[in-house]
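Engineer: See work29.cif below, with mmCIF, C-alpha atoms.
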data_structure
#
loop_
_atom_site.label_atom_id
_atom_site.label_comp_id
_atom_site.auth_asym_id
_atom_site.auth_seq_id
_atom_site.Cartn_x
_atom_site.Cartn_y
_atom_site.Cartn_z
CA MET A 1 22.02 6.65 -6.27
CA PHE A 2 19.53 8.75 -8.23
CA VAL A 3 17.88 8.20 -11.59
CA THR A 4 18.94 10.97 -13.97
CA LYS A 5 17.19 9.99 -17.19
CA ILE A 6 14.14 12.00 -18.23
CA PRO A 7 11.14 9.68 -18.68
CA PRO A 8 9.00 10.04 -21.81
CA PRO A 9 5.54 11.57 -21.47
CA ARG A 10 3.03 9.22 -19.84
CA THR A 11 1.19 7.22 -22.51
CA TYR A 12 -0.89 5.02 -20.22
CA LYS A 13 -3.84 5.70 -17.95
CA TYR A 14 -3.61 5.53 -14.18
CA PHE A 15 -5.97 3.20 -12.37
CA HIS A 16 -8.39 5.95 -11.32
CA GLU A 17 -8.62 7.17 -14.92
CA THR A 18 -9.97 3.79 -16.01
CA LEU A 19 -12.74 3.64 -13.42
CA LEU A 20 -16.20 3.62 -14.96
CA ALA A 21 -19.13 5.56 -13.54
CA GLY A 22 -21.51 3.44 -11.51
CA PRO A 23 -21.39 1.17 -8.48
CA ARG A 24 -18.13 -0.62 -7.72
CA ASP A 25 -16.48 -2.53 -4.92
CA GLY A 26 -19.58 -3.86 -3.22
CA SER A 27 -21.65 -0.68 -3.33
CA LYS A 28 -25.37 -0.80 -4.08
CA ASP A 29 -27.05 0.60 -7.18
CA GLY A 30 -26.97 4.37 -6.97
CA ASP A 31 -24.59 4.29 -4.00
CA HIS A 32 -20.93 5.02 -4.71
CA THR A 33 -19.82 4.40 -1.12
CA PRO A 34 -18.16 0.96 -0.71
CA THR A 35 -19.77 -1.40 1.76
CA PRO A 36 -17.51 -2.49 4.67
CA GLN A 37 -16.33 -6.03 3.97
CA TRP A 38 -14.40 -8.65 5.91
CA ARG A 39 -10.79 -7.85 6.59
CA ILE A 40 -7.85 -9.34 4.71
CA VAL A 41 -7.55 -11.55 7.80
CA GLY A 42 -10.08 -14.13 6.64
CA GLY A 43 -11.43 -11.57 4.20
CA LYS A 44 -13.02 -11.23 0.83
CA VAL A 45 -11.25 -12.39 -2.33
CA ALA A 46 -10.68 -9.72 -4.98
CA THR A 47 -9.38 -10.17 -8.51
CA ILE A 48 -6.21 -8.54 -9.76
CA GLU A 49 -8.33 -6.75 -12.39
CA GLU A 50 -9.97 -4.88 -9.49
CA ILE A 51 -6.58 -4.06 -7.96
CA PRO A 52 -4.14 -4.04 -10.92
CA TYR A 53 -1.63 -1.83 -9.10
CA GLN A 54 -1.10 -4.48 -6.39
CA VAL A 55 2.24 -6.32 -6.44
CA LEU A 56 3.99 -8.80 -4.19
CA TYR A 57 7.47 -7.74 -3.06
CA GLY A 58 9.62 -10.77 -2.38
CA LEU A 59 7.74 -13.50 -0.56
CA TYR A 60 6.29 -11.64 2.41
CA CYS A 61 5.43 -8.02 1.55
CA GLY A 62 3.12 -6.07 -0.72
CA GLY A 63 3.69 -3.02 -2.88
CA SER A 64 2.10 -0.69 -5.41
CA LEU A 65 2.98 -0.08 -9.04
CA ILE A 66 3.29 3.71 -9.48
CA ALA A 67 4.85 3.55 -12.97
CA PRO A 68 5.77 0.66 -15.29
CA GLU A 69 9.30 0.60 -13.83
CA TRP A 70 8.62 1.73 -10.27
CA VAL A 71 7.09 0.17 -7.15
CA ILE A 72 6.62 1.73 -3.72
CA THR A 73 6.68 -0.45 -0.62
CA ALA A 74 7.68 -0.24 3.06
CA ALA A 75 11.26 0.38 4.15
CA HIS A 76 10.86 -2.18 6.92
CA CYS A 77 10.43 -4.85 4.21
CA LYS A 78 14.20 -4.32 3.69
CA ASP A 79 16.22 -4.94 0.52
CA LYS A 80 16.97 -8.65 0.71
CA ASP A 81 14.50 -9.59 -2.04
CA ASN A 82 15.34 -9.28 -5.73
CA PHE A 83 11.93 -9.61 -7.38
CA VAL A 84 8.43 -8.22 -7.39
CA TYR A 85 5.61 -10.42 -8.66
CA VAL A 86 2.71 -9.00 -10.66
CA GLY A 87 -0.32 -9.70 -12.78
CA SER A 88 -2.31 -12.45 -11.06
CA THR A 89 -4.97 -12.88 -8.40
CA TYR A 90 -3.04 -16.01 -7.41
CA ARG A 91 0.21 -15.40 -5.59
CA SER A 92 1.63 -18.62 -7.04
CA LYS A 93 0.94 -17.53 -10.62
CA SER A 94 2.31 -13.97 -10.43
CA VAL A 95 5.05 -13.05 -12.91
CA PRO A 96 8.47 -12.10 -11.48
CA TYR A 97 10.22 -8.84 -12.41
CA GLN A 98 13.78 -8.31 -11.25
CA ILE A 99 14.68 -5.31 -9.11
CA CYS A 100 17.82 -3.43 -10.11
CA ALA A 101 17.89 -0.82 -7.32
CA HIS A 102 16.37 -0.11 -3.89
CA PHE A 103 15.89 3.44 -2.60
CA PHE A 104 15.11 4.02 1.09
CA HIS A 105 13.90 7.35 2.34
CA PRO A 106 17.01 9.03 3.80
CA LEU A 107 15.22 9.66 7.12
CA TRP A 108 13.97 6.09 7.53
CA ASN A 109 14.41 5.10 11.17
CA LYS A 110 16.71 8.06 11.86
CA THR A 111 14.46 10.68 13.45
CA LYS A 112 14.11 8.86 16.81
CA LEU A 113 10.47 9.99 16.82
CA HIS A 114 9.15 6.53 16.04
CA THR A 115 10.71 3.26 14.88
CA HIS A 116 8.52 3.24 11.73
CA ASP A 117 8.91 6.90 10.79
CA TYR A 118 9.55 7.50 7.06
CA ASP A 119 8.71 3.87 6.28
CA TYR A 120 9.11 4.25 2.50
CA GLN A 121 11.09 2.30 -0.10
CA LEU A 122 11.14 2.68 -3.88
CA LEU A 123 12.04 -0.22 -6.17
CA LEU A 124 13.39 0.31 -9.68
CA LEU A 125 12.69 -2.64 -11.99
CA GLU A 126 15.13 -3.83 -14.63
CA SER A 127 12.38 -3.91 -17.24
CA PRO A 128 9.02 -2.12 -17.30
CA VAL A 129 5.81 -3.97 -16.52
CA PRO A 130 3.43 -3.83 -19.52
CA VAL A 131 0.31 -1.81 -18.75
CA THR A 132 -2.68 -4.17 -19.03
CA SER A 133 -5.94 -4.91 -17.26
CA THR A 134 -3.98 -6.86 -14.61
CA THR A 135 -0.97 -4.52 -14.25
CA ARG A 136 -1.72 -0.81 -14.15
CA PRO A 137 0.03 1.98 -12.21
CA ILE A 138 -1.87 3.95 -9.60
CA ALA A 139 -1.64 7.71 -9.11
CA ILE A 140 -0.66 9.16 -5.75
CA GLY A 141 -3.49 11.06 -4.07
CA SER A 142 -3.32 14.33 -2.16
CA LEU A 143 -3.56 15.16 1.52
CA ASP A 144 -7.08 16.44 0.84
CA ASN A 145 -8.10 12.82 0.15
CA VAL A 146 -7.25 11.77 3.72
CA LYS A 147 -10.57 12.35 5.46
CA PRO A 148 -11.48 10.70 8.78
CA GLY A 149 -14.46 8.39 8.34
CA ASP A 150 -13.86 7.74 4.64
CA LEU A 151 -13.52 4.09 3.73
CA MET A 152 -10.12 3.02 2.45
CA SER A 153 -9.25 -0.08 0.43
CA VAL A 154 -6.41 -2.26 1.77
CA SER A 155 -5.29 -5.41 -0.04
CA GLY A 156 -2.72 -8.19 -0.02
CA TRP A 157 -1.89 -11.87 0.29
CA GLY A 158 -1.11 -11.69 4.02
CA HIS A 159 -1.94 -13.97 6.93
CA LEU A 160 -5.51 -14.77 7.95
CA LYS A 161 -4.67 -14.76 11.66
CA TYR A 162 -1.94 -13.08 13.66
CA LYS A 163 1.09 -15.37 14.14
CA GLU A 164 -1.02 -18.43 13.35
CA GLY A 165 -1.41 -18.20 9.62
CA LYS A 166 0.61 -18.17 6.43
CA MET A 167 0.74 -16.16 3.22
CA GLN A 168 -2.37 -16.76 1.11
CA ASP A 169 -2.53 -17.70 -2.55
CA LEU A 170 -5.63 -15.61 -3.29
CA LEU A 171 -5.60 -11.82 -3.19
CA ARG A 172 -7.92 -10.27 -0.60
CA ARG A 173 -9.21 -6.79 0.10
CA VAL A 174 -11.10 -4.92 2.82
CA PHE A 175 -12.59 -1.45 3.27
CA ILE A 176 -11.84 0.21 6.60
CA PRO A 177 -12.41 3.77 7.85
CA ILE A 178 -9.67 6.36 8.26
CA ILE A 179 -9.29 7.51 11.87
CA SER A 180 -8.37 11.09 12.77
CA ASP A 181 -4.89 11.67 14.20
CA SER A 182 -6.27 13.06 17.43
CA GLU A 183 -8.53 10.06 18.00
CA CYS A 184 -5.69 7.66 17.21
CA ARG A 185 -3.22 9.37 19.54
CA ASN A 186 -5.77 9.25 22.35
CA LEU A 187 -6.22 5.48 22.19
CA ALA A 188 -5.37 3.66 25.40
CA HIS A 189 -2.36 1.79 24.00
CA GLY A 190 0.72 3.99 24.31
CA LYS A 191 2.11 2.93 20.92
CA TYR A 192 -0.17 5.42 19.14
CA ILE A 193 0.76 8.57 21.04
CA ASN A 194 3.97 8.94 19.02
CA ILE A 195 2.60 8.59 15.50
CA THR A 196 4.10 11.30 13.30
CA SER A 197 2.82 13.42 10.43
CA ARG A 198 4.06 10.69 8.07
CA MET A 199 1.50 8.24 9.51
CA PHE A 200 -2.24 7.79 9.84
CA CYS A 201 -4.49 5.19 11.44
CA ALA A 202 -7.36 3.22 9.92
CA GLY A 203 -9.66 0.45 11.08
CA PHE A 204 -12.80 -0.34 13.04
CA LEU A 205 -12.24 0.21 16.75
CA THR A 206 -14.46 -2.80 17.42
CA GLY A 207 -11.78 -4.92 15.74
CA SER A 208 -12.51 -7.77 13.26
CA LYS A 209 -11.20 -5.99 10.13
CA ASP A 210 -7.54 -5.24 9.45
CA SER A 211 -4.39 -5.86 7.48
CA CYS A 212 -1.98 -8.41 8.95
CA GLN A 213 1.46 -10.00 8.64
CA GLY A 214 2.53 -10.27 5.01
CA ASP A 215 0.48 -7.23 3.95
CA SER A 216 3.28 -4.78 4.86
CA GLY A 217 4.06 -2.27 2.13
CA GLY A 218 0.75 -2.94 0.41
CA PRO A 219 -1.58 -0.24 -0.94
CA ALA A 220 -4.06 1.88 1.00
CA VAL A 221 -6.37 3.48 -1.56
CA VAL A 222 -9.23 6.01 -1.59
CA ALA A 223 -11.17 6.96 -4.73
CA GLY A 224 -8.75 5.01 -6.91
CA LYS A 225 -5.66 6.89 -5.71
CA LEU A 226 -2.81 5.74 -3.48
CA LEU A 227 -2.77 7.43 -0.06
CA GLY A 228 -0.68 5.10 2.05
CA LEU A 229 1.07 1.80 2.56
CA VAL A 230 0.71 -0.79 5.31
CA SER A 231 3.33 0.04 7.94
CA PHE A 232 2.64 -1.59 11.32
CA GLY A 233 0.01 -2.75 13.77
CA ILE A 234 -0.41 -4.28 17.21
CA GLY A 235 -1.68 -7.77 16.53
CA CYS A 236 -4.32 -7.99 13.79
CA ALA A 237 -7.94 -6.87 13.97
CA LEU A 238 -8.02 -6.39 17.73
CA PRO A 239 -10.40 -3.91 19.47
CA ASP A 240 -9.02 -0.38 19.89
CA LEU A 241 -5.83 -1.35 18.03
CA PRO A 242 -6.14 -0.03 14.45
CA GLY A 243 -3.48 -0.41 11.81
CA VAL A 244 -0.98 2.36 11.08
CA TYR A 245 -0.18 3.40 7.51
CA SER A 246 2.64 5.48 6.04
CA LEU A 247 1.20 8.59 4.39
CA ILE A 248 2.50 8.76 0.83
CA PRO A 249 1.49 12.27 -0.39
CA VAL A 250 3.81 13.92 2.16
CA VAL A 251 6.87 12.42 0.42
CA ARG A 252 5.81 13.22 -3.14
CA ASP A 253 8.84 15.49 -3.61
CA TRP A 254 11.23 12.72 -2.52
CA ILE A 255 9.54 10.30 -4.93
CA ARG A 256 9.90 12.84 -7.74
CA THR A 257 13.57 13.38 -6.90
CA VAL A 258 14.37 9.66 -7.00
CA THR A 259 12.21 8.59 -9.94
CA ALA A 260 12.04 11.75 -12.10
CA LEU A 261 8.37 10.91 -12.62
CA PRO A 262 5.98 13.81 -13.37
CA LEU A 263 3.76 13.08 -10.35
#
Now, as a test, write the supplied structure out as structure tokens.

Structural biologist:
Amino acid sequence: MFVTKIPPPRTYKYFHETLLAGPRDGSKDGDHTPTPQWRIVGGKVATIEEIPYQVLYGLYCGGSLIAPEWVITAAHCKDKDNFVYVGSTYRSKSVPYQICAHFFHPLWNKTKLHTHDYDYQLLLLESPVPVTSTTRPIAIGSLDNVKPGDLMSVSGWGHLKYKEGKMQDLLRRVFIPIISDSECRNLAHGKYINITSRMFCAGFLTGSKDSCQGDSGGPAVVAGKLLGLVSFGIGCALPDLPGVYSLIPVVRDWIRTVTALPL
């Protein structure tokens, strides 16, 4: 199934186009670099106005609004859920929007290179989400934005502790550094040696800061643009076990083909 209608010209601003000059996200006066904060696991609360592209997919996954009618999330979140929920810092107060179609990347879990390869899913909504201060699409970044050492924003309503928590009602966010592919593949745990060019790692190798269960499919953002989505990890916030994220810019052409959006 492919969308064949031609969308009208974009009349709204992407999230990064609304950002004001000056310190944001915990940075100090005159310093535009975000300060590392506590992970989503027991982490810092953020308002939906700070992360208006964040959505909840079903009851246990995250996602990102990339257009009023389109959400991107993880393929491993499957297609059993019929709604995304938007527009509130509080999970319990988010507004449901019905999904009318699911689109999985055609190579999802078929390359035999890695069980989470091509972990992408697009959701078409039955009605568009109004663009407001609490619901605003985010633009997809470029591969040039993926720089090892840069701090990346990750957010969601996921668990506060691996296998011992539950989905949270308040939205949380953390800033963690991107790790180079070579450094990630050389980590002691063998799970990382097979990461593909559709993946990248991020996190503090000392542990303590990470995404966790229930954050899958959620946004990974640098400079106000979407670079990745939460794909998988080994536990949550453990030393030398960073999270792995699906790299979104590499499938821009597939997203264009499915959505007809002028990305």

Engineer: Compare A:Ala188, A:Pro219, A:Phe200, A:Pro177 by their minimum atom-to-atom distance to Pro239 in chain A, counting all atoms listed in the file, and give me the closest one.

Structural biologist: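 Looking only at the distances to Pro239 in chain A, the closest residue turns out to be A:Ala188.
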
Engineer: Quick one: of A:Asp169, A:Asp144, A:Asp240, A:Asp119, who's nearest to Leu187 in chain A, counting only C-alpha atoms?

Structural biologist: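 So, comparing all the options, the nearest one is A:Asp240.
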
Engineer: Got a sec to resolve the PyMOL selection byres ((chain A and resi 189) around 12) on this structure and send the residues as number ranges by chain?

Structural biologist: A: 183-188, 190-195, 233-234, 238-242

Engineer: Using the chain letters and numbers from this file, what does the PyMOL selection byres ((chain A and resi 50-53) around 9) select? Give the answer as a VMD selection string.

Structural biologist: chain A and resid 15 25 46 to 49 54 to 55 63 to 66 86 to 89 132 to 138 155 173 219

Engineer: Would you compute the distance between CA of Asn82 in chain A and CA of Leu124 in chain A? Give it in Å to one decimal.

Structural biologist: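 Taking CA of Asn82 in chain A as the start and CA of Leu124 in chain A as the end point, the length is 10.6 Å.
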
Engineer: When you count all atoms listed in the file, which of these residues is closest to Lys147 in chain A: A:Val129, A:Val222, A:Leu122, A:Leu171?

Structural biologist: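 Of all the options, A:Val222 lies closest to Lys147 in chain A.
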
Engineer: Report, in Å with one decimal, the straight-line distance from CA of Leu19 in chain A to CA of Pro68 in chain A.

Structural biologist: 18.8 Å

Engineer: Quick one, how far is CA of Gly218 in chain A from CA of Thr259 in chain A?

Structural biologist: 19.3 Å

Engineer: Can you work out which one of A:Val84, A:Leu170, A:Leu226, A:Ala74 has the shortest atom-to-atom distance to Gly158 in chain A, counting only C-alpha atoms?

Structural biologist: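 Using only C-alpha atoms, the shortest distance to Gly158 in chain A belongs to A:Leu170.
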
Engineer: Considering all atoms listed in the file, return as a list in words whatever protein or nucleic-acid residues lie within 12 Å of Thr196 in chain A, sequence-local ones (same chain, fewer than 5 positions apart) excluded.

Structural biologist: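 So the residues in contact are Thr111, Lys112, Leu113, His114, Thr115, His116, Asp117, Tyr118, Asp119, Asp181, Ser182, Cys184, Arg185, Lys191, Cys201, Val244, Tyr245, Ser246, Leu247 and Val250 of chain A.
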